[in-house]
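**Student:** target-v3.cif is reproduced in full below (mmCIF, C-alpha atoms).
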```cif
data_target
loop_
_atom_site.label_atom_id
_atom_site.label_comp_id
_atom_site.auth_asym_id
_atom_site.auth_seq_id
_atom_site.Cartn_x
_atom_site.Cartn_y
_atom_site.Cartn_z
CA MET A 1 6.93 15.85 -3.67
CA ASN A 2 6.31 16.37 0.03
CA GLU A 3 8.36 18.97 1.80
CA PRO A 4 10.12 17.62 4.90
CA ILE A 5 8.13 17.98 8.09
CA GLY A 6 9.62 18.60 11.47
CA MET A 7 8.97 15.92 14.05
CA SER A 8 10.03 16.09 17.67
CA GLY A 9 9.19 14.61 21.05
CA PHE A 10 8.79 10.96 21.90
CA ALA A 11 7.13 8.00 20.24
CA SER A 12 3.98 6.98 22.10
CA LYS A 13 4.16 4.30 24.82
CA GLU A 14 3.10 0.76 24.03
CA SER A 15 2.06 -1.73 26.73
CA ARG A 16 4.20 -4.47 25.25
CA HIS A 17 7.51 -6.25 25.64
CA LYS A 18 10.51 -4.88 23.81
CA LEU A 19 11.36 -6.39 20.45
CA ALA A 20 14.63 -7.55 22.01
CA ASP A 21 12.64 -9.78 24.37
CA ARG A 22 10.95 -11.47 21.41
CA LYS A 23 14.17 -11.73 19.35
CA ASP A 24 14.63 -9.66 16.19
CA ASP A 25 13.60 -11.03 12.83
CA PHE A 26 16.07 -9.70 10.27
CA TYR A 27 15.87 -10.37 6.55
CA ALA A 28 17.84 -8.00 4.30
CA SER A 29 15.80 -6.42 1.49
CA PRO A 30 16.83 -7.44 -2.05
CA LEU A 31 18.39 -4.61 -4.05
CA GLU A 32 15.98 -5.49 -6.88
CA ALA A 33 13.00 -4.67 -4.68
CA VAL A 34 14.45 -1.35 -3.54
CA ASP A 35 15.46 -0.19 -7.02
CA SER A 36 11.99 -1.06 -8.31
CA PHE A 37 10.35 0.86 -5.47
CA ILE A 38 12.39 3.99 -6.15
CA ALA A 39 11.51 3.87 -9.84
CA ILE A 40 7.77 3.31 -9.43
CA GLU A 41 7.20 5.62 -6.46
CA GLU A 42 9.51 8.46 -7.58
CA PRO A 43 6.60 10.85 -8.39
CA TYR A 44 5.30 10.56 -4.82
CA LEU A 45 8.38 9.81 -2.71
CA PRO A 46 9.38 12.53 -0.20
CA ARG A 47 13.00 13.64 -0.46
CA HIS A 48 13.58 13.26 3.29
CA LEU A 49 12.92 9.76 4.69
CA TRP A 50 13.39 7.63 7.79
CA GLU A 51 14.18 3.90 7.74
CA PRO A 52 13.54 2.67 11.32
CA ALA A 53 14.51 -0.97 10.68
CA CYS A 54 17.58 -0.26 8.57
CA GLY A 55 19.49 -3.50 9.20
CA ASP A 56 22.64 -3.56 7.08
CA GLY A 57 21.50 -0.62 4.96
CA ALA A 58 20.04 -2.63 2.06
CA MET A 59 17.23 -0.10 1.69
CA VAL A 60 19.04 2.99 2.97
CA MET A 61 22.04 2.93 0.65
CA PRO A 62 20.18 2.69 -2.70
CA LEU A 63 17.89 5.54 -1.61
CA ARG A 64 20.87 7.71 -0.64
CA GLN A 65 22.58 6.88 -3.94
CA LYS A 66 19.52 8.28 -5.71
CA GLY A 67 19.79 11.54 -3.80
CA TYR A 68 17.30 10.96 -0.99
CA SER A 69 18.17 12.05 2.53
CA VAL A 70 17.59 9.02 4.76
CA LEU A 71 17.70 8.85 8.55
CA ALA A 72 18.53 5.29 9.60
CA SER A 73 17.98 3.46 12.89
CA ASP A 74 17.45 -0.06 14.19
CA LEU A 75 17.31 -2.13 17.33
CA VAL A 76 20.54 -3.94 16.45
CA ALA A 77 23.69 -2.54 14.82
CA ARG A 78 24.16 -4.44 11.57
CA GLY A 79 26.56 -2.19 9.71
CA CYS A 80 24.29 0.36 8.05
CA PRO A 81 26.40 3.49 7.42
CA ASP A 82 25.46 6.64 9.34
CA SER A 83 22.81 4.93 11.44
CA SER A 84 21.89 4.70 15.11
CA ALA A 85 21.30 1.43 16.96
CA GLY A 86 19.53 0.41 20.15
CA GLN A 87 16.19 1.93 19.12
CA ASP A 88 13.11 -0.27 19.21
CA PHE A 89 10.74 1.58 16.87
CA LEU A 90 7.71 0.35 18.79
CA MET A 91 8.93 1.62 22.14
CA PRO A 92 9.29 5.22 23.41
CA PHE A 93 12.40 7.08 22.22
CA PRO A 94 13.20 10.56 20.87
CA VAL A 95 11.84 10.83 17.34
CA PRO A 96 14.29 12.36 14.83
CA GLY A 97 13.30 15.50 12.97
CA ASN A 98 13.11 16.58 9.35
CA PHE A 99 11.54 13.68 7.50
CA GLY A 100 8.47 13.51 5.28
CA GLY A 101 8.03 9.76 5.00
CA ILE A 102 8.94 6.37 6.43
CA VAL A 103 10.11 3.51 4.20
CA THR A 104 10.99 0.15 5.72
CA ASN A 105 10.96 -3.64 5.57
CA PRO A 106 9.63 -4.47 9.05
CA PRO A 107 9.54 -7.91 10.69
CA PHE A 108 6.42 -9.47 9.16
CA LYS A 109 4.98 -10.42 12.54
CA LEU A 110 5.15 -6.75 13.56
CA ALA A 111 4.24 -5.16 10.23
CA SER A 112 0.82 -3.89 11.36
CA GLU A 113 2.34 -2.28 14.43
CA PHE A 114 5.05 -0.66 12.33
CA VAL A 115 2.43 0.76 9.97
CA ILE A 116 0.27 2.17 12.76
CA LYS A 117 3.24 3.77 14.51
CA SER A 118 4.63 5.11 11.23
CA LEU A 119 1.31 6.70 10.27
CA SER A 120 1.25 8.52 13.60
CA LEU A 121 4.57 10.14 12.64
CA ALA A 122 4.47 10.75 8.88
CA PRO A 123 1.97 11.34 6.04
CA TYR A 124 3.76 8.90 3.72
CA VAL A 125 4.57 5.31 4.71
CA ALA A 126 5.79 2.43 2.54
CA ILE A 127 6.63 -1.11 3.59
CA LEU A 128 7.85 -4.19 1.78
CA ALA A 129 5.78 -7.19 2.89
CA ARG A 130 4.32 -10.48 1.75
CA ILE A 131 1.19 -10.13 -0.37
CA ALA A 132 -0.50 -12.15 2.39
CA PHE A 133 -0.36 -8.95 4.46
CA LEU A 134 -3.60 -7.99 2.68
CA GLU A 135 -5.53 -10.77 4.37
CA GLY A 136 -6.44 -11.46 7.97
CA ILE A 137 -9.34 -10.51 10.22
CA GLN A 138 -7.01 -8.77 12.67
CA ARG A 139 -5.58 -6.49 9.97
CA ARG A 140 -8.94 -5.61 8.39
CA PRO A 141 -9.72 -2.73 10.81
CA MET A 142 -6.30 -1.22 10.14
CA PHE A 143 -6.86 -1.23 6.38
CA LYS A 144 -10.35 0.23 6.77
CA SER A 145 -9.15 3.08 8.96
CA THR A 146 -5.91 4.07 7.18
CA SER A 147 -5.07 5.76 3.89
CA LEU A 148 -3.66 2.83 1.90
CA ALA A 149 -2.97 4.38 -1.49
CA ARG A 150 -1.06 1.92 -3.65
CA VAL A 151 -0.07 -1.75 -3.67
CA HIS A 152 2.75 -2.63 -6.06
CA VAL A 153 2.81 -6.39 -6.60
CA SER A 154 6.02 -8.05 -7.76
CA SER A 155 4.89 -10.17 -10.73
CA ARG A 156 8.24 -11.93 -10.80
CA ARG A 157 9.27 -13.51 -7.49
CA LEU A 158 11.98 -11.53 -5.75
CA PRO A 159 15.37 -13.04 -4.89
CA MET A 160 15.13 -14.90 -1.60
CA MET A 161 15.29 -12.90 1.62
CA HIS A 162 17.20 -15.25 3.93
CA ARG A 163 17.30 -14.92 7.69
CA ASP A 164 20.43 -13.23 9.03
CA GLY A 165 23.31 -15.72 9.22
CA TRP A 166 22.06 -17.93 6.37
CA ASP A 167 25.01 -19.39 4.44
CA GLY A 168 23.16 -21.81 2.15
CA PRO A 169 22.34 -21.44 -1.56
CA ILE A 170 20.65 -18.24 -2.77
CA SER A 171 17.47 -18.82 -4.73
CA THR A 172 14.26 -17.15 -5.85
CA SER A 173 11.62 -16.71 -3.18
CA ALA A 174 8.57 -18.97 -3.16
CA THR A 175 6.61 -16.09 -1.59
CA CYS A 176 5.02 -13.18 -3.42
CA PHE A 177 5.96 -9.74 -2.11
CA ALA A 178 4.51 -6.29 -2.65
CA TRP A 179 5.15 -2.69 -1.70
CA PHE A 180 2.32 -1.24 0.40
CA VAL A 181 2.10 2.55 0.32
CA TRP A 182 0.05 4.84 2.54
CA ASP A 183 -0.12 8.41 1.27
CA ALA A 184 -2.20 11.14 2.91
CA ARG A 185 -2.51 12.88 -0.47
CA HIS A 186 -4.36 9.92 -1.99
CA ALA A 187 -8.13 10.04 -2.41
CA GLY A 188 -10.41 7.07 -3.04
CA GLU A 189 -9.80 3.35 -3.01
CA PRO A 190 -6.29 1.86 -3.11
CA VAL A 191 -4.73 1.36 -6.53
CA ILE A 192 -3.18 -2.03 -7.34
CA ARG A 193 -0.27 -2.09 -9.78
CA TRP A 194 2.23 -4.71 -10.91
CA PHE A 195 5.96 -4.52 -11.58
CA ASP A 196 8.74 -6.77 -12.82
CA TRP A 197 11.93 -6.10 -10.93
CA LYS A 198 13.97 -7.03 -13.98
CA ASP A 199 12.68 -3.85 -15.63
CA HIS A 200 14.60 -1.86 -12.99
CA ALA A 201 17.61 -4.13 -12.37
CA ARG A 202 21.10 -2.59 -12.52
#
```
The structure in this file should be written as structure tokens.
**Tutor:**
Amino acid sequence: MNEPIGMSGFASKESRHKLADRKDDFYASPLEAVDSFIAIEEPYLPRHLWEPACGDGAMVMPLRQKGYSVLASDLVARGCPDSSAGQDFLMPFPVPGNFGGIVTNPPFKLASEFVIKSLSLAPYVAILARIAFLEGIQRRPMFKSTSLARVHVSSRRLPMMHRDGWDGPISTSATCFAWFVWDARHAGEPVIRWFDWKDHAR
């Protein structure tokens, strides 16, 4: 396990519009995905984490229940316990201290930017994203220059992640998701693994 590392100062400036100007893109993470992640990454997961897109706490609360210390922040207050709001992760703001890794479910359109910023702050980064995140000419340089360690593919489709405010029927997603993990301790090519969330369901 990583020991917590102290981080202080300010996140680097980005010549970009605030996320608030582009509208936020909130989809709560399924509990099944988070429980599976904790089980399969437990040997590597730092005890002190930061979730910078915490939303309603769907990722934060299961991690805390398992004994992890989790700092939580987001642009918009959505009810996550013990969290701070009004922080655009991609814009300058005081970075909290005492965390060894970042775990989050970022807006897909900003996932690459979240990864790059996260890797500038922590040696361990994990995001939940569509498997399609692996493709794309624009993302290729990022993958070639960063320490992607593991990709955990959900063999069984996860429960649907609906946009905030959705009040229609809940169904299984038609999209394949995976956990992407960057780990500075990893050597060599990324490892691809598969999981069935039903193996870890409560």
**Student:** Would you mind reading off the distance between CA of Thr146 (chain A) and CA of Leu119 (chain A), one decimal, in Å?
**Tutor:**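 If I compute the distance from CA of Thr146 (chain A) to CA of Leu119 (chain A), I get 8.3 Å.
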**Student:** Could you spell out the hits of the PyMOL selection byres ((chain A and resi 174-179) around 6) on the shown file, as a ChimeraX atom specification?
**Tutor:** /A:127-131,151-154,157,173,180
**Student:** Please provide as a PyMOL selection string all residues within 9 Å of region 105-116 of chain A, with the sequence filter that same-chain residues fewer than 5 positions apart are discarded (counting all atoms listed in the file).
**Tutor:** chain A and resi 24-29+51-54+59+89-90+125-130+133+139+142+146+182
**Student:** For the file shown, what are the residues hit by the PyMOL selection byres ((chain A and resi 184-196) around 8), laid out as a ChimeraX atom specification?
**Tutor:** /A:36,123-124,147-156,182-183,197-200
**Student:** In terms of the shortest atom-to-atom distance over all atoms listed in the file, which of A:Pro43, A:Pro62, A:Gly55, A:Ser69 is closest to Ser84 (chain A)?
**Tutor:**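 Residue with the minimum atom-to-atom distance to Ser84 (chain A): A:Gly55.
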**Student:** Could you jot down the CA of Gly100 (chain A) to CA of Val70 (chain A) separation for me, Å, one decimal place?
**Tutor:** 10.2 Å
**Student:** Axis-aligned box over every listed atom of region 125-137 of chain A, padded by 5 Å per side: centre and edges in Å to one decimal, as JSON?
**Tutor:**
```
{"center_x": -0.7, "center_y": -3.4, "center_z": 4.9, "size_x": 27.2, "size_y": 27.5, "size_z": 20.6}
```
**Student:** Please indicate the distance in Å from CA of Leu49 (chain A) to CA of Ser73 (chain A), rounded to one decimal place.
**Tutor:**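 Interatomic distance, CA of Leu49 (chain A) to CA of Ser73 (chain A): 11.5 Å.
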**Student:** Between A:Val103, A:Ile137, A:Leu158, A:Leu63, which residue has the minimum interatomic distance to Ala39 (chain A), considering only C-alpha atoms?
**Tutor:**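 Among the listed residues, A:Leu63 lies closest to Ala39 (chain A).
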**Student:** So which residues get picked by the PyMOL selection byres ((chain A and resi 47) around 6) here, written as a PDB file with C-alpha atoms, keeping the file's coordinate frame?
**Tutor:**
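After the write, out.pdb holds the following:
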```pdb
ATOM      1  CA  PRO A  46       9.380  12.530  -0.200  1.00  0.00           C
ATOM      2  CA  HIS A  48      13.580  13.260   3.290  1.00  0.00           C
ATOM      3  CA  TYR A  68      17.300  10.960  -0.990  1.00  0.00           C
TER       4      TYR A  68
END
```
**Student:** Missing atoms in region 62-95 of chain A should be modelled up to N, CA and C atoms and reported as an mmCIF file, in the frame of the given file.
**Tutor:**
```cif
data_model
loop_
_atom_site.group_PDB
_atom_site.id
_atom_site.type_symbol
_atom_site.label_atom_id
_atom_site.label_comp_id
_atom_site.auth_asym_id
_atom_site.auth_seq_id
_atom_site.Cartn_x
_atom_site.Cartn_y
_atom_site.Cartn_z
ATOM 1 N N PRO A 62 20.676 2.366 -1.364
ATOM 2 C CA PRO A 62 20.180 2.690 -2.700
ATOM 3 C C PRO A 62 19.393 4.008 -2.732
ATOM 4 N N LEU A 63 18.631 4.286 -1.671
ATOM 5 C CA LEU A 63 17.890 5.540 -1.610
ATOM 6 C C LEU A 63 18.850 6.727 -1.544
ATOM 7 N N ARG A 64 19.884 6.621 -0.729
ATOM 8 C CA ARG A 64 20.870 7.710 -0.640
ATOM 9 C C ARG A 64 21.596 7.893 -1.965
ATOM 10 N N GLN A 65 21.900 6.786 -2.644
ATOM 11 C CA GLN A 65 22.580 6.880 -3.940
ATOM 12 C C GLN A 65 21.745 7.624 -4.962
ATOM 13 N N LYS A 66 20.432 7.578 -4.808
ATOM 14 C CA LYS A 66 19.520 8.280 -5.710
ATOM 15 C C LYS A 66 19.243 9.710 -5.265
ATOM 16 N N GLY A 67 19.917 10.153 -4.216
ATOM 17 C CA GLY A 67 19.790 11.540 -3.800
ATOM 18 C C GLY A 67 18.813 11.815 -2.684
ATOM 19 N N TYR A 68 18.232 10.764 -2.104
ATOM 20 C CA TYR A 68 17.300 10.960 -0.990
ATOM 21 C C TYR A 68 18.083 11.081 0.315
ATOM 22 N N SER A 69 17.597 11.930 1.191
ATOM 23 C CA SER A 69 18.170 12.050 2.530
ATOM 24 C C SER A 69 17.455 11.042 3.423
ATOM 25 N N VAL A 70 18.207 10.109 4.010
ATOM 26 C CA VAL A 70 17.590 9.020 4.760
ATOM 27 C C VAL A 70 18.178 8.919 6.166
ATOM 28 N N LEU A 71 17.345 9.152 7.174
ATOM 29 C CA LEU A 71 17.700 8.850 8.550
ATOM 30 C C LEU A 71 17.604 7.338 8.728
ATOM 31 N N ALA A 72 18.516 6.745 9.454
ATOM 32 C CA ALA A 72 18.530 5.290 9.600
ATOM 33 C C ALA A 72 18.709 4.898 11.059
ATOM 34 N N SER A 73 17.885 3.961 11.520
ATOM 35 C CA SER A 73 17.980 3.460 12.890
ATOM 36 C C SER A 73 17.523 2.018 12.937
ATOM 37 N N ASP A 74 17.865 1.338 14.025
ATOM 38 C CA ASP A 74 17.450 -0.060 14.190
ATOM 39 C C ASP A 74 17.677 -0.460 15.638
ATOM 40 N N LEU A 75 17.105 -1.575 15.998
ATOM 41 C CA LEU A 75 17.310 -2.130 17.330
ATOM 42 C C LEU A 75 18.735 -2.651 17.486
ATOM 43 N N VAL A 76 19.232 -3.290 16.419
ATOM 44 C CA VAL A 76 20.540 -3.940 16.450
ATOM 45 C C VAL A 76 21.453 -3.292 15.414
ATOM 46 N N ALA A 77 22.710 -3.075 15.765
ATOM 47 C CA ALA A 77 23.690 -2.540 14.820
ATOM 48 C C ALA A 77 24.108 -3.639 13.850
ATOM 49 N N ARG A 78 23.823 -3.433 12.569
ATOM 50 C CA ARG A 78 24.160 -4.440 11.570
ATOM 51 C C ARG A 78 25.039 -3.882 10.450
ATOM 52 N N GLY A 79 25.599 -2.719 10.669
ATOM 53 C CA GLY A 79 26.560 -2.190 9.710
ATOM 54 C C GLY A 79 26.039 -1.147 8.748
ATOM 55 N N CYS A 80 24.815 -0.688 8.924
ATOM 56 C CA CYS A 80 24.290 0.360 8.050
ATOM 57 C C CYS A 80 25.076 1.650 8.286
ATOM 58 N N PRO A 81 25.633 2.255 7.236
ATOM 59 C CA PRO A 81 26.400 3.490 7.420
ATOM 60 C C PRO A 81 25.532 4.629 7.965
ATOM 61 N N ASP A 82 26.131 5.455 8.804
ATOM 62 C CA ASP A 82 25.460 6.640 9.340
ATOM 63 C C ASP A 82 24.083 6.307 9.912
ATOM 64 N N SER A 83 24.063 5.348 10.819
ATOM 65 C CA SER A 83 22.810 4.930 11.440
ATOM 66 C C SER A 83 22.978 4.892 12.956
ATOM 67 N N SER A 84 21.859 4.839 13.655
ATOM 68 C CA SER A 84 21.890 4.700 15.110
ATOM 69 C C SER A 84 21.256 3.372 15.496
ATOM 70 N N ALA A 85 21.799 2.734 16.524
ATOM 71 C CA ALA A 85 21.300 1.430 16.960
ATOM 72 C C ALA A 85 20.746 1.533 18.368
ATOM 73 N N GLY A 86 20.086 0.453 18.814
ATOM 74 C CA GLY A 86 19.530 0.410 20.150
ATOM 75 C C GLY A 86 18.157 1.051 20.254
ATOM 76 N N GLN A 87 17.511 1.295 19.123
ATOM 77 C CA GLN A 87 16.190 1.930 19.120
ATOM 78 C C GLN A 87 15.129 0.942 18.654
ATOM 79 N N ASP A 88 14.264 0.549 19.554
ATOM 80 C CA ASP A 88 13.110 -0.270 19.210
ATOM 81 C C ASP A 88 12.017 0.685 18.741
ATOM 82 N N PHE A 89 11.694 0.638 17.478
ATOM 83 C CA PHE A 89 10.740 1.580 16.870
ATOM 84 C C PHE A 89 9.392 1.578 17.566
ATOM 85 N N LEU A 90 9.027 0.460 18.170
ATOM 86 C CA LEU A 90 7.710 0.350 18.790
ATOM 87 C C LEU A 90 7.689 0.739 20.258
ATOM 88 N N MET A 91 8.828 1.180 20.762
ATOM 89 C CA MET A 91 8.930 1.620 22.140
ATOM 90 C C MET A 91 9.234 3.117 22.181
ATOM 91 N N PRO A 92 9.021 3.777 23.330
ATOM 92 C CA PRO A 92 9.290 5.220 23.410
ATOM 93 C C PRO A 92 10.775 5.554 23.218
ATOM 94 N N PHE A 93 11.055 6.536 22.384
ATOM 95 C CA PHE A 93 12.400 7.080 22.220
ATOM 96 C C PHE A 93 12.271 8.410 21.484
ATOM 97 N N PRO A 94 13.276 9.269 21.566
ATOM 98 C CA PRO A 94 13.200 10.560 20.870
ATOM 99 C C PRO A 94 13.071 10.358 19.362
ATOM 100 N N VAL A 95 12.063 10.963 18.767
ATOM 101 C CA VAL A 95 11.840 10.830 17.340
ATOM 102 C C VAL A 95 12.707 11.849 16.590
#
```
